[in-house]
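Beneath this line is the structure, given in structure tokens, with notes to follow.
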Amino acid sequence: MVTDQTPIRIGVLGTHSTGKTTLLKRIQMELRGHGLTVARTGRLAKRAAAIGLPKMQHHTAASTEWIITQGIADDIAAAAQGADVVLADRASFDALAYYHAALEYRGACSHRLERERLRLLASTQAPKYGLLLATVLDPDVPVDQSHDYDHRYRLLVDRHVHGLLAEDGIPHQRVTSDHESHTRAIDRALQLCLQEAAV
């Protein structure tokens, strides 16, 4: 069912294994518990890899553009289904941070116009979000050993995520690994959605 309703959009971004998906699941449960319909988008990096695009420290301009544009398409599709809230796992600046971190990790350069084009593409999505939650890397929290993550790359992604948000003055809430920080993020998301739903 296609509607003209504009859903509330909440985006999460941050380096891998910092609790993004778990946080979104908890927000989703709370919202549904209050009677709101929720759509979630995500798994973009896995889907990119499935079609042969590089990921993690091997990200390229093409893989970054695919992730950003596919995220935009997923968001539009979720909104068209009439959900009250769309939860985006990996908001657009996430892909840009992963790309910048990959370039730095490899000691590679990209053309200035290409970097500016991707940044502009990501920045067009920022005003859509009613709330952006940026997870913070806690190096003391152990990583899931089933994943072969490069610690230096994780640190670079974390730095670029928060650096890009700060440079562009994008409003967001930092979410650390402690329980209270997650609770505050969930409460803020719930408050925002319930207020908007009441209007």
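In the structure tokens, chains take the letters A, B, ... in the order shown, each chain's residues start at 1, and ligands count up from 1 in the order shown.
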Contacts of Val136 of chain A at 9 Å (only C-alpha atoms; same-chain gap of 2+ positions) as a list of chain:residue names
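What passes the distance filter is A:Gly14, A:Thr15, A:Thr18, A:Ala134, A:Asp138, A:Asp158, A:His162, A:Arg174, A:Val175, A:Thr176, A:Ser177.
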Any idea what's packed within 9 Å of Ile68 of chain A, counting only C-alpha atoms, ignoring anything in its chain fewer than 4 positions away? Could you give it as a PyMOL selection string?
chain A and resi 44+63-64+72-73+91-96+118+121-122
Distance criterion (only C-alpha atoms): nearest to Thr41 of chain A out of A:Ser181, A:Thr22, A:Gln70, A:Gln191
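Looking at the shortest contact to Thr41 of chain A, the residue is A:Gln70.
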Neighbour list for Leu194 of chain A as a list in words, cut-off 10 Å, only C-alpha atoms, skip fewer than 3 positions in-chain:
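Answer for this query is Leu31, His34, Gly35, Leu36, Arg188, Ala189, Leu190, Gln191, Ala197, Ala198 and Val199 of chain A.
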Hey, can you check how far atom CA of Thr21 of chain A sits from atom CA of Asp89 of chain A?
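Between atom CA of Thr21 of chain A and atom CA of Asp89 of chain A the gap works out to 6.7 Å.
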Return the single residue from A:Glu104, A:Leu87, A:Asp168, A:Gly52 that is closest to Met29 of chain A, with distances computed using only C-alpha atoms.
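Ranking A:Glu104, A:Leu87, A:Asp168, A:Gly52 by distance to Met29 of chain A, first place goes to A:Leu87.
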Would you list, as a PyMOL selection string, the residues of segment 42-188 of chain A that end up in strand (DSSP E or B) under DSSP run on this structure's backbone?
chain A and resi 85-89+131-135+173-175
Keeping only N, CA, C and O atoms, write the selected residues to a file as a compact mmCIF listing (two decimals), in the first residue's frame.
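Contents of result37.txt, as written:
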```txt
# COMPACT_ATOMS: atom_id res chain seq x y z
N VAL A 85 7.39 4.33 11.37
CA VAL A 85 8.81 4.59 11.65
C VAL A 85 9.67 3.73 10.73
O VAL A 85 9.39 2.55 10.55
N VAL A 86 10.74 4.33 10.17
CA VAL A 86 11.74 3.58 9.41
C VAL A 86 13.04 3.65 10.19
O VAL A 86 13.54 4.73 10.50
N LEU A 87 13.59 2.48 10.51
CA LEU A 87 14.86 2.37 11.21
C LEU A 87 15.93 1.97 10.20
O LEU A 87 15.83 0.91 9.59
N ALA A 88 16.93 2.82 10.04
CA ALA A 88 17.99 2.57 9.06
C ALA A 88 19.25 2.09 9.76
O ALA A 88 19.88 2.84 10.51
N ASP A 89 19.60 0.83 9.51
CA ASP A 89 20.84 0.28 10.04
C ASP A 89 21.94 0.66 9.05
O ASP A 89 22.01 0.10 7.95
N LEU A 131 16.21 11.44 14.00
CA LEU A 131 17.20 11.13 15.02
C LEU A 131 18.31 10.29 14.40
O LEU A 131 18.03 9.31 13.70
N LEU A 132 19.55 10.68 14.66
CA LEU A 132 20.71 9.89 14.25
C LEU A 132 21.44 9.45 15.52
O LEU A 132 21.74 10.28 16.39
N LEU A 133 21.71 8.17 15.60
CA LEU A 133 22.42 7.60 16.74
C LEU A 133 23.77 7.08 16.25
O LEU A 133 23.82 6.23 15.35
N ALA A 134 24.85 7.60 16.81
CA ALA A 134 26.19 7.21 16.40
C ALA A 134 26.86 6.43 17.53
O ALA A 134 27.14 6.98 18.59
N THR A 135 27.09 5.15 17.30
CA THR A 135 27.74 4.32 18.32
C THR A 135 29.22 4.67 18.41
O THR A 135 29.84 5.10 17.45
N GLN A 173 23.13 11.79 18.39
CA GLN A 173 23.36 11.39 19.77
C GLN A 173 24.41 10.29 19.78
O GLN A 173 24.26 9.27 19.10
N ARG A 174 25.47 10.51 20.55
CA ARG A 174 26.51 9.48 20.70
C ARG A 174 26.00 8.40 21.64
O ARG A 174 25.38 8.69 22.65
N VAL A 175 26.27 7.15 21.27
CA VAL A 175 25.82 6.01 22.08
C VAL A 175 27.04 5.16 22.42
O VAL A 175 27.64 4.55 21.54
```
Minimum-distance residue to Ala80 of chain A, chosen among A:Arg47, A:Gln28, A:Ala39, A:Met56 (using only C-alpha atoms)
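With only C-alpha atoms as the atom set, the closest residue is A:Ala39.
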Go through A:Ala108, A:Leu137, A:Thr69, A:Val38 and flag the residue nearest Leu13 of chain A, using only C-alpha atoms for the distances.
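For Leu13 of chain A, the nearest of the given residues is A:Leu137.
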Interatomic distance, atom CA of Ala61 of chain A to atom CA of Arg119 of chain A (Å, one decimal)
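Distance between the two atoms: 10.8 Å.
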May I ask which of the residues A:Ile27, A:Tyr99, A:Arg32, A:Ala49 is the closest one to Leu164 of chain A, counting only C-alpha atoms?
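For Leu164 of chain A, the nearest of the given residues is A:Tyr99.
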I'd like the interatomic distance between atom CA of Tyr129 of chain A and atom CA of Tyr153 of chain A, to a tenth of an Å.
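Those two atoms sit 27.0 Å apart.
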Which parts of chain A does DSSP call alpha helix (DSSP H) when run on the backbone here, written out as an NGL selection string?
:A and (20-33 or 44-50 or 61-80 or 92-106 or 112-123 or 151-167 or 179-198)
Residues from the last selection, C-alpha atoms, saved as a tab-separated table (two decimals), in the first residue's frame:
```
chain	number	residue	atom	x	y	z
A	20	LYS	CA	24.11	-0.92	16.12
A	21	THR	CA	21.85	-3.84	15.20
A	22	THR	CA	21.12	-4.74	18.83
A	23	LEU	CA	20.21	-1.12	19.56
A	24	LEU	CA	17.84	-1.00	16.58
A	25	LYS	CA	16.18	-4.25	17.64
A	26	ARG	CA	15.52	-2.84	21.10
A	27	ILE	CA	14.11	0.39	19.63
A	28	GLN	CA	11.93	-1.64	17.27
A	29	MET	CA	10.53	-3.73	20.13
A	30	GLU	CA	9.71	-0.63	22.19
A	31	LEU	CA	8.00	1.12	19.29
A	32	ARG	CA	5.94	-1.92	18.36
A	33	GLY	CA	5.01	-2.31	22.01
A	44	LEU	CA	23.83	-3.26	2.97
A	45	ALA	CA	27.49	-4.31	3.24
A	46	LYS	CA	26.59	-8.00	3.03
A	47	ARG	CA	24.36	-7.37	0.03
A	48	ALA	CA	27.13	-5.36	-1.66
A	49	ALA	CA	29.61	-8.19	-1.07
A	50	ALA	CA	27.10	-10.70	-2.45
A	61	ALA	CA	34.07	4.74	-4.52
A	62	ALA	CA	31.78	2.34	-6.43
A	63	SER	CA	30.96	0.17	-3.40
A	64	THR	CA	30.37	3.29	-1.31
A	65	GLU	CA	28.04	4.78	-3.90
A	66	TRP	CA	26.13	1.48	-4.18
A	67	ILE	CA	25.63	1.28	-0.40
A	68	ILE	CA	24.45	4.90	-0.14
A	69	THR	CA	22.07	4.70	-3.11
A	70	GLN	CA	20.74	1.27	-2.11
A	71	GLY	CA	20.13	2.65	1.38
A	72	ILE	CA	18.16	5.52	-0.15
A	73	ALA	CA	16.11	3.09	-2.26
A	74	ASP	CA	15.45	0.84	0.74
A	75	ASP	CA	14.31	3.84	2.76
A	76	ILE	CA	11.89	4.94	0.05
A	77	ALA	CA	10.53	1.40	-0.30
A	78	ALA	CA	10.02	1.08	3.47
A	79	ALA	CA	8.26	4.44	3.64
A	80	ALA	CA	6.00	3.49	0.71
A	92	SER	CA	24.34	7.24	4.65
A	93	PHE	CA	27.32	8.83	6.41
A	94	ASP	CA	28.27	5.38	7.68
A	95	ALA	CA	29.26	4.23	4.18
A	96	LEU	CA	31.25	7.42	3.63
A	97	ALA	CA	33.15	6.92	6.90
A	98	TYR	CA	33.99	3.33	5.94
A	99	TYR	CA	35.30	4.57	2.59
A	100	HIS	CA	37.45	7.33	4.10
A	101	ALA	CA	38.79	4.85	6.65
A	102	ALA	CA	39.59	2.35	3.87
A	103	LEU	CA	41.53	4.98	1.94
A	104	GLU	CA	43.51	5.94	5.02
A	105	TYR	CA	44.09	2.30	5.95
A	106	ARG	CA	45.51	1.52	2.50
A	112	ARG	CA	38.88	15.29	-4.79
A	113	LEU	CA	35.78	15.63	-6.98
A	114	GLU	CA	34.90	11.97	-6.35
A	115	ARG	CA	35.17	12.45	-2.58
A	116	GLU	CA	33.08	15.63	-2.76
A	117	ARG	CA	30.44	13.93	-4.91
A	118	LEU	CA	30.05	11.04	-2.46
A	119	ARG	CA	29.94	13.41	0.49
A	120	LEU	CA	27.23	15.49	-1.19
A	121	LEU	CA	25.25	12.32	-1.92
A	122	ALA	CA	25.45	11.24	1.72
A	123	SER	CA	24.66	14.72	3.04
A	151	HIS	CA	41.43	-3.51	14.98
A	152	ARG	CA	43.20	-0.60	13.28
A	153	TYR	CA	40.50	-0.37	10.62
A	154	ARG	CA	37.74	-0.39	13.26
A	155	LEU	CA	39.46	2.53	15.00
A	156	LEU	CA	39.76	4.44	11.74
A	157	VAL	CA	36.06	3.94	10.92
A	158	ASP	CA	35.08	5.12	14.40
A	159	ARG	CA	37.20	8.26	14.01
A	160	HIS	CA	35.81	9.02	10.55
A	161	VAL	CA	32.17	8.45	11.59
A	162	HIS	CA	32.37	10.99	14.41
A	163	GLY	CA	34.65	13.31	12.43
A	164	LEU	CA	32.28	13.55	9.47
A	165	LEU	CA	29.28	14.22	11.70
A	166	ALA	CA	31.17	16.94	13.57
A	167	GLU	CA	32.58	18.57	10.42
A	179	HIS	CA	23.70	0.17	29.37
A	180	GLU	CA	22.63	3.66	30.46
A	181	SER	CA	23.71	5.19	27.16
A	182	HIS	CA	21.67	2.62	25.22
A	183	THR	CA	18.68	3.24	27.48
A	184	ARG	CA	18.90	7.00	26.88
A	185	ALA	CA	19.02	6.43	23.12
A	186	ILE	CA	16.00	4.12	23.23
A	187	ASP	CA	14.07	6.56	25.41
A	188	ARG	CA	14.84	9.43	23.06
A	189	ALA	CA	13.73	7.44	20.03
A	190	LEU	CA	10.52	6.40	21.78
A	191	GLN	CA	9.78	9.94	22.94
A	192	LEU	CA	10.33	11.34	19.44
A	193	CYS	CA	8.11	8.77	17.77
A	194	LEU	CA	5.29	9.00	20.30
A	195	GLN	CA	5.30	12.82	20.06
A	196	GLU	CA	5.21	12.74	16.26
A	197	ALA	CA	2.50	10.07	16.26
A	198	ALA	CA	0.35	12.24	18.52
```
Using only C-alpha atoms, pick whichever of A:Val141, A:Ile170, A:Thr60, A:Gln81 has the shortest atom-to-atom distance to Gln125 of chain A.
A:Ile170
